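Next comes coords.cif, with mmCIF, C-alpha atoms and all ligand atoms.
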```
data_input
loop_
_atom_site.label_atom_id
_atom_site.label_comp_id
_atom_site.auth_asym_id
_atom_site.auth_seq_id
_atom_site.Cartn_x
_atom_site.Cartn_y
_atom_site.Cartn_z
CA MET A 9 13.05 -30.31 3.39
CA THR A 10 10.32 -31.02 5.92
CA HIS A 11 6.97 -29.49 5.18
CA LYS A 12 4.66 -28.43 7.95
CA PHE A 13 1.70 -29.36 5.78
CA SER A 14 2.58 -32.81 4.60
CA GLY A 15 0.05 -33.27 1.83
CA ASN A 16 -2.64 -31.61 -0.22
CA ALA A 17 -5.36 -33.34 1.80
CA ASP A 18 -4.58 -31.36 4.97
CA TYR A 19 -4.60 -28.02 3.36
CA LEU A 20 -6.86 -28.20 0.34
CA ASN A 21 -9.60 -30.57 1.42
CA ASN A 22 -10.33 -29.70 5.02
CA GLY A 23 -13.72 -28.20 4.23
CA ASN A 24 -12.55 -24.57 4.37
CA ASP A 25 -12.58 -22.33 1.34
CA LEU A 26 -9.16 -21.42 0.04
CA VAL A 27 -7.90 -18.05 -1.22
CA VAL A 28 -4.48 -17.82 -2.87
CA VAL A 29 -2.47 -14.62 -2.36
CA LEU A 30 0.27 -13.74 -4.87
CA GLY A 31 3.16 -12.57 -2.70
CA HIS A 32 4.14 -13.70 0.79
CA GLY A 33 5.08 -10.57 2.77
CA GLN A 34 3.38 -8.89 5.70
CA LEU A 35 0.23 -8.02 3.75
CA ALA A 36 -0.34 -11.71 2.90
CA ARG A 37 0.44 -12.53 6.53
CA MET A 38 -2.20 -10.11 7.82
CA MET A 39 -4.74 -11.36 5.25
CA TYR A 40 -4.06 -14.89 6.50
CA LEU A 41 -4.63 -13.89 10.12
CA ALA A 42 -7.88 -12.12 9.26
CA ALA A 43 -9.13 -14.90 6.97
CA SER A 44 -8.51 -17.61 9.59
CA GLN A 45 -11.33 -16.34 11.75
CA LEU A 46 -13.68 -16.51 8.76
CA GLY A 47 -12.76 -20.17 8.27
CA ILE A 48 -10.94 -19.32 5.05
CA ASN A 49 -7.49 -20.77 4.38
CA ILE A 50 -4.83 -18.67 2.72
CA ILE A 51 -1.96 -20.03 0.70
CA ALA A 52 0.65 -17.44 -0.30
CA VAL A 53 2.75 -17.69 -3.44
CA ASP A 54 6.42 -16.81 -3.23
CA ALA A 55 6.59 -15.01 -6.58
CA ASP A 56 10.38 -15.44 -6.94
CA ARG A 57 10.58 -19.15 -6.20
CA LEU A 58 7.09 -19.87 -7.59
CA CYS A 59 6.16 -22.06 -4.65
CA CYS A 60 3.35 -22.06 -2.10
CA VAL A 61 4.12 -20.96 1.45
CA ASN A 62 2.36 -20.32 4.71
CA PRO A 63 2.63 -16.50 4.99
CA VAL A 64 2.99 -16.52 8.79
CA ASP A 65 5.84 -18.98 9.33
CA LYS A 66 6.97 -19.06 5.65
CA THR A 67 6.94 -22.89 5.58
CA VAL A 68 7.02 -24.19 2.02
CA LEU A 69 3.82 -26.16 1.39
CA ALA A 70 3.67 -29.50 -0.40
CA VAL A 71 1.36 -28.18 -3.06
CA ASP A 72 2.27 -26.58 -6.35
CA VAL A 73 0.92 -23.24 -7.52
CA GLU A 74 -1.29 -24.75 -10.28
CA THR A 75 -2.94 -27.15 -7.81
CA ALA A 76 -3.58 -24.32 -5.36
CA PHE A 77 -5.08 -22.25 -8.21
CA ALA A 78 -7.30 -25.18 -9.20
CA HIS A 79 -8.65 -25.69 -5.66
CA CYS A 80 -9.17 -22.09 -4.55
CA ILE A 81 -12.29 -19.96 -4.74
CA ALA A 82 -10.30 -16.79 -5.47
CA ILE A 83 -6.79 -15.51 -6.20
CA THR A 84 -5.67 -12.07 -5.07
CA SER A 85 -2.35 -10.26 -4.76
CA GLU A 86 -0.44 -8.37 -2.10
CA PHE A 87 1.82 -6.55 -4.53
CA GLU A 88 1.85 -5.41 -8.14
CA HIS A 89 5.34 -6.27 -9.31
CA LEU A 90 4.63 -9.87 -10.26
CA PRO A 91 6.17 -12.07 -12.97
CA LYS A 92 4.14 -11.79 -16.19
CA GLU A 93 3.63 -15.56 -16.56
CA LEU A 94 2.35 -15.96 -13.01
CA LEU A 95 -0.11 -13.12 -13.52
CA ALA A 96 -1.27 -14.56 -16.86
CA THR A 97 -1.80 -18.03 -15.33
CA ALA A 98 -3.75 -16.52 -12.44
CA GLN A 99 -5.87 -14.40 -14.79
CA ALA A 100 -6.62 -17.43 -17.02
CA THR A 101 -8.34 -19.19 -14.09
CA GLY A 102 -11.02 -16.48 -14.07
CA LYS A 103 -10.57 -16.25 -10.28
CA LEU A 104 -8.14 -13.32 -10.01
CA ARG A 105 -9.69 -10.44 -8.00
CA PRO A 106 -8.89 -7.68 -8.67
CA GLY A 107 -8.01 -8.69 -12.24
CA ALA A 108 -4.78 -8.36 -14.21
CA ASN A 109 -5.88 -5.00 -15.69
CA SER A 110 -6.10 -3.50 -12.19
CA ILE A 111 -2.76 -4.97 -11.15
CA ALA A 112 -1.17 -3.56 -14.33
CA ALA A 113 -2.52 -0.09 -13.51
CA GLY A 114 -0.82 -0.26 -10.10
CA ALA A 115 2.39 -1.78 -11.45
CA ASP A 116 3.16 0.58 -14.29
CA ARG A 117 3.02 4.33 -13.75
CA ILE A 118 2.50 4.93 -17.48
CA VAL A 119 -0.61 2.70 -17.56
CA GLU A 120 -1.75 4.38 -14.32
CA LYS A 121 -1.40 7.90 -15.72
CA GLN A 122 -3.20 6.87 -18.93
CA LEU A 123 -6.06 5.46 -16.84
CA LEU A 124 -6.33 8.67 -14.80
CA SER A 125 -6.24 10.87 -17.92
CA SER A 126 -8.86 8.75 -19.69
CA LEU A 127 -11.18 9.29 -16.69
CA SER A 128 -10.28 13.02 -16.45
CA ILE A 129 -9.06 12.53 -12.87
CA PRO A 130 -6.67 15.30 -11.74
CA ASN A 131 -3.10 14.09 -11.15
CA CYS A 132 0.41 15.59 -11.13
CA THR A 133 1.50 17.24 -14.38
CA HIS A 134 3.97 14.82 -15.91
CA ARG A 135 5.89 13.68 -18.98
CA ILE A 136 6.96 10.20 -20.06
CA ILE A 137 10.75 10.08 -20.45
CA HIS A 138 12.43 7.87 -23.06
CA SER A 139 15.77 9.68 -23.24
CA VAL A 140 17.96 12.33 -21.60
CA ASP A 141 16.67 14.74 -24.29
CA ASP A 142 13.10 14.06 -23.13
CA LEU A 143 14.24 14.82 -19.59
CA THR A 144 15.85 18.09 -20.66
CA GLU A 145 12.61 19.12 -22.38
CA ALA A 146 10.48 18.02 -19.41
CA TYR A 147 12.67 19.86 -16.89
CA LYS A 148 12.24 23.09 -18.91
CA THR A 149 8.44 22.76 -18.76
CA LEU A 150 7.92 21.20 -15.32
CA GLY A 151 10.88 22.62 -13.36
CA PRO A 152 12.40 23.95 -11.17
CA LYS A 153 11.26 21.06 -8.94
CA VAL A 154 10.72 17.71 -10.58
CA ILE A 155 10.43 14.16 -9.24
CA LEU A 156 11.64 11.50 -11.60
CA LYS A 157 10.25 7.98 -11.09
CA THR A 158 10.84 4.61 -12.70
CA SER A 159 7.67 3.50 -14.48
CA ARG A 160 7.76 0.07 -12.81
CA ASP A 161 9.11 -1.65 -9.67
CA GLY A 162 9.12 1.46 -7.43
CA TYR A 163 7.94 1.28 -3.81
CA ASP A 164 8.67 3.01 -0.50
CA GLY A 165 10.35 5.82 -2.43
CA TYR A 166 12.83 3.49 -4.20
CA GLY A 167 13.33 4.21 -7.90
CA GLN A 168 13.01 7.99 -7.57
CA TRP A 169 15.26 10.97 -8.16
CA ARG A 170 14.53 14.44 -6.86
CA ILE A 171 15.61 17.19 -9.24
CA PHE A 172 15.29 20.40 -7.25
CA SER A 173 17.92 22.59 -8.95
CA GLU A 174 19.88 23.02 -12.18
CA ARG A 175 22.75 21.32 -10.39
CA ASP A 176 20.63 18.23 -9.54
CA PHE A 177 19.47 18.25 -13.14
CA ALA A 178 23.04 18.23 -14.48
CA SER A 179 24.21 15.40 -12.22
CA ILE A 180 21.11 13.24 -12.74
CA SER A 181 21.22 13.74 -16.53
CA ASN A 182 24.83 12.64 -16.38
CA GLU A 183 23.94 9.62 -14.23
CA LEU A 184 21.25 8.64 -16.75
CA SER A 185 23.47 8.92 -19.82
CA THR A 186 23.89 5.13 -19.89
CA PHE A 187 20.41 4.31 -18.56
CA ASP A 188 18.35 1.75 -20.53
CA PHE A 189 15.20 3.80 -21.19
CA GLY A 190 13.98 1.13 -23.65
CA HIS A 191 13.78 -1.36 -20.81
CA MET A 192 12.51 1.13 -18.22
CA PRO A 193 10.90 4.39 -19.31
CA LEU A 194 10.69 7.04 -16.59
CA ILE A 195 8.02 9.52 -15.54
CA ALA A 196 8.93 13.11 -14.70
CA GLU A 197 6.38 14.70 -12.38
CA GLN A 198 6.08 18.28 -11.34
CA CYS A 199 6.81 18.44 -7.61
CA ILE A 200 3.57 19.45 -5.90
CA GLU A 201 3.56 21.85 -2.94
CA PHE A 202 0.67 20.01 -1.33
CA GLU A 203 -0.89 20.85 2.03
CA ARG A 204 -1.00 17.23 3.02
CA GLU A 205 -1.12 13.66 1.80
CA ILE A 206 -4.26 11.62 2.33
CA SER A 207 -5.46 8.26 1.14
CA LEU A 208 -8.80 6.62 0.59
CA LEU A 209 -9.32 2.92 1.03
CA GLY A 210 -12.46 1.62 -0.59
CA ILE A 211 -13.72 -1.90 -1.02
CA THR A 212 -15.81 -3.01 -3.96
CA ASP A 213 -17.78 -6.15 -3.24
CA ILE A 214 -18.52 -8.91 -5.72
CA LYS A 215 -21.82 -7.27 -6.70
CA GLY A 216 -20.01 -4.01 -7.57
CA LYS A 217 -21.15 -2.09 -4.48
CA HIS A 218 -18.57 0.32 -3.03
CA HIS A 219 -17.79 0.67 0.67
CA TYR A 220 -15.38 3.24 2.15
CA TYR A 221 -13.24 3.78 5.19
CA PRO A 222 -12.81 7.40 6.32
CA LEU A 223 -9.93 9.31 4.72
CA THR A 224 -6.51 8.85 6.34
CA GLU A 225 -3.80 11.52 6.68
CA ASN A 226 -0.33 10.21 5.86
CA HIS A 227 3.15 11.43 6.83
CA HIS A 228 6.29 10.31 5.02
CA GLY A 229 9.98 10.20 5.87
CA ASP A 230 12.58 9.40 3.19
CA GLY A 231 9.78 8.76 0.67
CA GLN A 232 8.32 6.08 2.93
CA LEU A 233 5.09 6.09 4.97
CA VAL A 234 5.91 6.55 8.65
CA LEU A 235 2.64 7.68 10.26
CA SER A 236 -1.08 7.63 9.48
CA LEU A 237 -3.85 9.46 11.34
CA ALA A 238 -7.45 8.38 10.94
CA PRO A 239 -9.96 9.74 10.38
CA ALA A 240 -7.87 12.43 8.68
CA PRO A 241 -7.95 15.57 10.87
CA ASN A 242 -10.43 18.16 9.56
CA ASN A 243 -12.05 15.64 7.27
CA SER A 244 -15.30 16.96 5.83
CA ASP A 245 -18.16 15.24 4.01
CA GLU A 246 -17.22 17.29 0.97
CA LEU A 247 -13.61 16.06 0.93
CA GLN A 248 -14.65 12.48 1.69
CA ASN A 249 -17.22 12.57 -1.14
CA LYS A 250 -14.74 14.06 -3.58
CA ALA A 251 -12.28 11.24 -2.87
CA GLN A 252 -15.05 8.65 -3.11
CA GLN A 253 -16.10 9.96 -6.54
CA ILE A 254 -12.54 9.48 -7.78
CA HIS A 255 -12.39 6.04 -6.24
CA GLN A 256 -15.70 4.97 -7.72
CA SER A 257 -14.76 6.13 -11.17
CA ILE A 258 -11.50 4.12 -11.10
CA ALA A 259 -13.06 1.03 -9.50
CA ASN A 260 -15.92 0.98 -12.02
CA GLU A 261 -13.56 1.39 -14.97
CA LEU A 262 -11.44 -1.53 -13.74
CA ASN A 263 -14.40 -3.82 -12.82
CA TYR A 264 -12.72 -3.90 -9.46
CA VAL A 265 -13.28 -6.36 -6.60
CA GLY A 266 -11.51 -5.95 -3.22
CA VAL A 267 -9.64 -3.12 -1.49
CA LEU A 268 -8.35 -0.35 -3.75
CA ALA A 269 -6.15 2.31 -2.13
CA ILE A 270 -5.82 5.77 -3.65
CA GLU A 271 -3.00 8.08 -2.53
CA LEU A 272 -3.92 11.74 -2.89
CA PHE A 273 -2.29 15.14 -2.53
CA GLN A 274 -4.57 17.79 -1.07
CA VAL A 275 -4.01 21.32 -2.40
CA GLY A 276 -6.78 23.54 -1.01
CA ASP A 277 -10.04 21.96 -2.15
CA THR A 278 -8.32 20.09 -4.95
CA LEU A 279 -7.37 16.43 -4.77
CA LEU A 280 -4.63 15.17 -7.08
CA VAL A 281 -4.13 11.42 -7.39
CA ASN A 282 -0.52 10.50 -6.64
CA GLU A 283 -0.89 6.79 -7.24
CA ILE A 284 -3.23 3.86 -6.85
CA ALA A 285 -2.53 0.54 -5.14
CA PRO A 286 -4.73 -2.39 -6.21
CA ARG A 287 -4.51 -4.14 -2.85
CA VAL A 288 -4.60 -3.68 0.90
CA HIS A 289 -2.37 -0.77 1.83
CA ASN A 290 -0.08 0.38 4.65
CA SER A 291 -2.25 3.48 5.20
CA GLY A 292 -5.16 1.16 6.04
CA HIS A 293 -3.45 -0.78 8.84
CA TRP A 294 -5.19 1.43 11.43
CA THR A 295 -8.49 -0.31 10.56
CA GLN A 296 -7.28 -3.40 12.47
CA GLN A 297 -8.11 -1.69 15.76
CA GLY A 298 -10.05 1.34 14.50
CA CYS A 299 -12.95 -0.35 12.74
CA GLN A 300 -15.24 -3.27 13.32
CA VAL A 301 -13.81 -4.97 10.23
CA SER A 302 -10.22 -4.41 9.10
CA GLN A 303 -9.11 -3.82 5.51
CA PHE A 304 -7.61 -7.34 5.53
CA GLU A 305 -10.84 -9.06 6.52
CA ASN A 306 -12.92 -6.91 4.16
CA HIS A 307 -10.58 -7.61 1.25
CA ILE A 308 -10.92 -11.35 1.84
CA ARG A 309 -14.68 -10.97 2.31
CA ALA A 310 -14.91 -9.15 -1.03
CA VAL A 311 -12.81 -11.56 -3.08
CA ALA A 312 -14.55 -14.55 -1.46
CA GLY A 313 -17.97 -13.10 -2.34
CA LEU A 314 -18.99 -12.38 1.27
CA THR A 315 -20.64 -9.22 2.60
CA VAL A 316 -18.35 -6.21 3.13
CA THR A 317 -19.14 -4.40 6.37
CA GLY A 318 -17.96 -2.43 9.43
CA THR A 319 -15.98 0.36 7.73
CA THR A 320 -16.98 3.25 10.00
CA THR A 321 -15.24 4.37 13.19
CA ASP A 322 -15.97 6.49 16.25
CA LYS A 323 -12.30 6.32 17.33
CA GLN A 324 -9.22 8.44 16.73
CA VAL A 325 -6.43 6.20 15.52
CA ALA A 326 -2.72 6.57 14.73
CA MET A 327 -0.62 3.98 12.93
CA VAL A 328 3.13 4.25 13.49
CA ASN A 329 5.35 2.26 11.14
CA TYR A 330 8.18 0.44 12.89
CA VAL A 331 10.96 0.80 10.33
CA GLY A 332 14.48 -0.67 10.45
CA GLU A 333 14.58 -1.32 14.21
CA ALA A 334 14.44 -4.43 16.42
CA LYS A 335 11.27 -5.41 18.29
CA PRO A 336 10.16 -2.73 20.77
CA SER A 337 10.47 -3.09 24.51
CA LYS A 338 7.75 -4.58 26.73
CA THR A 339 7.36 -1.07 28.20
CA LEU A 340 6.16 0.25 24.88
CA GLN A 341 3.87 -2.72 24.37
CA ALA A 342 2.45 -2.22 27.87
CA ILE A 343 1.09 1.26 27.08
CA GLU A 344 -2.68 1.05 27.15
CA ASN A 345 -4.56 1.18 23.82
CA THR A 346 -1.32 0.51 21.95
CA HIS A 347 -1.27 -2.52 19.68
CA LEU A 348 1.87 -3.94 18.17
CA HIS A 349 1.70 -5.90 14.91
CA TRP A 350 5.04 -7.59 14.30
CA TYR A 351 5.96 -9.16 10.95
CA ASP A 352 8.80 -11.41 12.16
CA LYS A 353 11.43 -10.28 9.66
CA SER A 354 15.15 -9.84 10.16
CA VAL A 355 16.15 -6.23 10.80
CA ARG A 356 17.38 -4.18 7.83
CA ALA A 357 17.61 -0.42 7.32
CA LYS A 358 14.38 1.07 5.86
CA ARG A 359 12.62 -2.30 6.20
CA LYS A 360 9.06 -2.25 7.53
CA MET A 361 9.38 -4.51 10.59
CA GLY A 362 5.92 -3.98 12.05
CA HIS A 363 3.51 -1.25 13.03
CA ILE A 364 1.79 0.09 16.12
CA ASN A 365 -1.86 1.08 16.19
CA VAL A 366 -2.81 3.57 18.88
CA VAL A 367 -6.54 3.92 19.55
CA ALA A 368 -8.29 6.69 21.48
CA ASN A 369 -11.76 8.12 22.01
CA THR A 370 -10.71 11.72 21.47
CA VAL A 371 -7.92 13.68 19.78
CA THR A 372 -6.62 14.79 23.20
CA GLU A 373 -6.49 11.21 24.43
CA LEU A 374 -4.68 10.18 21.24
CA GLN A 375 -2.08 12.92 21.79
CA THR A 376 -1.48 11.76 25.37
CA THR A 377 -0.94 8.15 24.34
CA LEU A 378 1.21 9.13 21.36
CA LYS A 379 3.45 11.14 23.69
CA GLN A 380 3.97 8.05 25.83
CA VAL A 381 4.66 5.96 22.72
CA LYS A 382 7.11 8.55 21.41
CA SER A 383 9.10 8.46 24.67
CA GLN A 384 9.63 4.72 24.23
CA LEU A 385 10.57 4.73 20.56
CA PRO A 386 14.15 4.63 19.27
CA GLU A 387 15.25 8.10 18.09
CA SER A 388 15.02 7.13 14.39
CA LEU A 389 11.27 6.54 14.86
CA ALA A 390 10.47 9.08 17.59
CA LYS A 391 11.34 11.90 15.18
CA ASN A 392 8.45 10.81 12.93
CA LEU A 393 6.00 11.70 15.69
CA ALA A 394 7.48 15.15 16.32
CA LYS A 395 5.09 16.72 13.78
CA VAL A 396 1.99 15.56 15.65
CA VAL A 397 3.05 15.60 19.33
CA ASP A 398 5.27 18.06 21.09
P1 LIG A 401 4.96 4.03 -1.59
O1 LIG A 401 5.29 2.63 -1.96
O2 LIG A 401 5.41 4.39 -0.19
O3 LIG A 401 3.55 4.44 -1.83
P2 LIG A 401 6.26 4.88 -3.99
O4 LIG A 401 7.69 4.50 -4.03
O5 LIG A 401 5.28 4.08 -4.72
O6 LIG A 401 5.84 5.01 -2.48
P3 LIG A 401 5.20 7.54 -4.52
O7 LIG A 401 3.99 7.30 -3.69
O8 LIG A 401 4.98 7.94 -5.92
O9 LIG A 401 6.23 6.33 -4.53
O10 LIG A 401 6.11 8.65 -3.81
C1 LIG A 401 6.52 8.53 -2.45
C2 LIG A 401 6.34 9.86 -1.75
O11 LIG A 401 7.13 10.88 -2.40
C3 LIG A 401 4.91 10.41 -1.80
O12 LIG A 401 4.09 9.84 -0.80
C4 LIG A 401 5.18 11.90 -1.59
O13 LIG A 401 5.48 12.18 -0.24
C5 LIG A 401 6.43 12.13 -2.41
N1 LIG A 401 6.07 12.50 -3.80
C6 LIG A 401 5.88 11.65 -4.83
N2 LIG A 401 5.54 12.31 -5.96
C7 LIG A 401 5.48 13.62 -5.64
C8 LIG A 401 5.17 14.81 -6.36
N3 LIG A 401 4.88 14.80 -7.66
N4 LIG A 401 5.22 15.99 -5.68
C9 LIG A 401 5.55 16.04 -4.36
N5 LIG A 401 5.84 14.95 -3.63
C10 LIG A 401 5.82 13.74 -4.24
MG MG A 402 3.01 6.00 -2.76
#
```
Would you mind writing the structure in this file as structure tokens?
Amino acid sequence: MTHKFSGNADYLNNGNDLVVVLGHGQLARMMYLAASQLGINIIAVDADRLCCVNPVDKTVLAVDVETAFAHCIAITSEFEHLPKELLATAQATGKLRPGANSIAAGADRIVEKQLLSSLSIPNCTHRIIHSVDDLTEAYKTLGPKVILKTSRDGYDGYGQWRIFSERDFASISNELSTFDFGHMPLIAEQCIEFEREISLLGITDIKGKHHYYPLTENHHGDGQLVLSLAPAPNNSDELQNKAQQIHQSIANELNYVGVLAIELFQVGDTLLVNEIAPRVHNSGHWTQQGCQVSQFENHIRAVAGLTVTGTTTDKQVAMVNYVGEAKPSKTLQAIENTHLHWYDKSVRAKRKMGHINVVANTVTELQTTLKQVKSQLPESLAKNLAKVVD
């Protein structure tokens, strides 16, 4: 195999600081692009093959993971579902930011719920399920609408069952009669009739100071994020502060460094935490065009010990996920104030292929541009904008 980077000298000793990212998907790619302008190199780790890769062109690098760990100033991750040994080795270097405890809280819904309860942070009423009997009991208490989730390895709505009727309950109980609960306990959550979903992205710098982006409103299709609006419509200082209090309490408890995303359900004035993500997050992609400093750059700044800055906005921004479809036409890309970010992956159903950030000065201007964007999207994606433009 030919390696683009033919030796350690090129990549490790060129005078730039190095940050290693565990994972090599689009989040690592966008961290790489943001870090480059800071003069920081990024090496991504393919967590399945345990090798180092360039996260943009996926070239395998002629450096092993241990050597990269030894040379870097910080290690961070782009996803939570990492092999235990890799995580332990990273943690043992003392350079992993955020640390293994934070990654565990994002990876395992049971650990996450325990963390939220220990901090008295409101979240969905739930039960831990170790058997079909537990599920029967939980459905009696939490029903008639329950969402069942695997405790680990879930993302983009995978690893979930919706139990919305006695009939669903009977068929899912039957389906789970041979399920290995010992290997994978489940969580049954009461289904919340929320008004909307919002998320808060905060960054904790190396000195422990917290910085926040404005709240984002999120829309889902098939359990997957399809559209974000920022700042969240009708955001108020009160709501923003409430979310920040929750964020601060979690970040302090975890001794956090970097971007921490918190997904919330808004029910009136109440905020319930749905889940936390100890990393940069899809609902923060709008910051690439909406803020002076994107979540990717600020995450790298934080883990590298640099100043975190530029988190405010005077724009109205929409982020449209480009899911399961080939690269959009030049016509779409030519729409003014519309920015395509393409991840260069092969097309697959439900796969996040890229996203489009639409930036405007006013809500009316945003609506006008979104209408134009909608008219150029394939039907499977245009329908996701129907809720916000007519
Ligand atoms: P992602 O990776 O996209 O964040 P995920 O697979 O980790 O998703 P969740 O965030 O737990 O899973 O759930 C996906 C979506 O399903 C939520 O954003 C929300 O729309 C819906 N959902 C999850 N839990 C509940 C609940 N208890 N009540 C109502 N809706 C829920
Ligand atoms: Mg989620």
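Around the point (-6.3, 2.5, -15.6), within 6 Å and counting all atoms listed in the file, we find these residues: Ala113, Glu120 and Leu123 of chain A.
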Practice problem: Select, from A:Ala36, A:Val281, A:Leu95, A:Val140, the residue with the minimum atom-to-atom distance to A:Ser110, counting all atoms listed in the file. | Solution: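 Of the candidates, the smallest distance to A:Ser110 is held by A:Leu95.
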Can you write out as a tab-separated table which residues of chain A fall within 10 Å of ligand MG 402 (chain A), alongside each residue's closest atom pair and its distance in Å to one decimal, counting only C-alpha atoms and all ligand atoms and ordering rows by chain and ascending residue number?
```
residue	atom	partner	partner_atom	distance
A:Gly162	CA	A:MG402	MG	8.9
A:Tyr163	CA	A:MG402	MG	6.9
A:Asp164	CA	A:MG402	MG	6.8
A:Gly165	CA	A:MG402	MG	7.3
A:Glu205	CA	A:MG402	MG	9.8
A:Ser207	CA	A:MG402	MG	9.6
A:His228	CA	A:MG402	MG	9.5
A:Gly231	CA	A:MG402	MG	8.1
A:Gln232	CA	A:MG402	MG	7.8
A:Leu233	CA	A:MG402	MG	8.0
A:Ala269	CA	A:MG402	MG	9.9
A:Ile270	CA	A:MG402	MG	8.9
A:Glu271	CA	A:MG402	MG	6.4
A:Leu272	CA	A:MG402	MG	9.0
A:Asn282	CA	A:MG402	MG	6.9
A:Glu283	CA	A:MG402	MG	6.0
A:Ile284	CA	A:MG402	MG	7.8
A:Ala285	CA	A:MG402	MG	8.1
A:His289	CA	A:MG402	MG	9.8
A:Asn290	CA	A:MG402	MG	9.8
A:Ser291	CA	A:MG402	MG	9.9
```
Next, write the just-selected residues to a file, as a compact mmCIF listing (two decimals), in the frame of the given file, keeping C-alpha atoms as the atom set.
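Contents of again_2.txt, as written:
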```txt
# COMPACT_ATOMS: atom_id res chain seq x y z
CA GLY A 162 9.12 1.46 -7.43
CA TYR A 163 7.94 1.28 -3.81
CA ASP A 164 8.67 3.01 -0.50
CA GLY A 165 10.35 5.82 -2.43
CA GLU A 205 -1.12 13.66 1.80
CA SER A 207 -5.46 8.26 1.14
CA HIS A 228 6.29 10.31 5.02
CA GLY A 231 9.78 8.76 0.67
CA GLN A 232 8.32 6.08 2.93
CA LEU A 233 5.09 6.09 4.97
CA ALA A 269 -6.15 2.31 -2.13
CA ILE A 270 -5.82 5.77 -3.65
CA GLU A 271 -3.00 8.08 -2.53
CA LEU A 272 -3.92 11.74 -2.89
CA ASN A 282 -0.52 10.50 -6.64
CA GLU A 283 -0.89 6.79 -7.24
CA ILE A 284 -3.23 3.86 -6.85
CA ALA A 285 -2.53 0.54 -5.14
CA HIS A 289 -2.37 -0.77 1.83
CA ASN A 290 -0.08 0.38 4.65
CA SER A 291 -2.25 3.48 5.20
```
Practice problem: Please provide as a list of chain:residue names all residues within 8 Å of A:Pro336, with the sequence filter that same-chain residues fewer than 3 positions apart are discarded (counting all atoms listed in the file). | Solution: A:Leu340, A:Gln341, A:Leu385
Could you turn the residues from that selection into a file that holds C-alpha atoms, as a PDB file, keeping the file's coordinate frame?
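Saved as selection16.pdb:
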```
ATOM      1  CA  LEU A 340       6.160   0.250  24.880  1.00  0.00           C
ATOM      2  CA  GLN A 341       3.870  -2.720  24.370  1.00  0.00           C
ATOM      3  CA  LEU A 385      10.570   4.730  20.560  1.00  0.00           C
TER       4      LEU A 385
END
```
Using all atoms of ligand LIG 401 (chain A) that appear in the file, construct an axis-aligned enclosing box with 8 Å of padding on every side and provide its centre coordinates and edge lengths in Å, rounded to one decimal, as JSON.
```
{"center_x": 5.6, "center_y": 9.3, "center_z": -3.9, "size_x": 20.1, "size_y": 29.4, "size_z": 23.5}
```
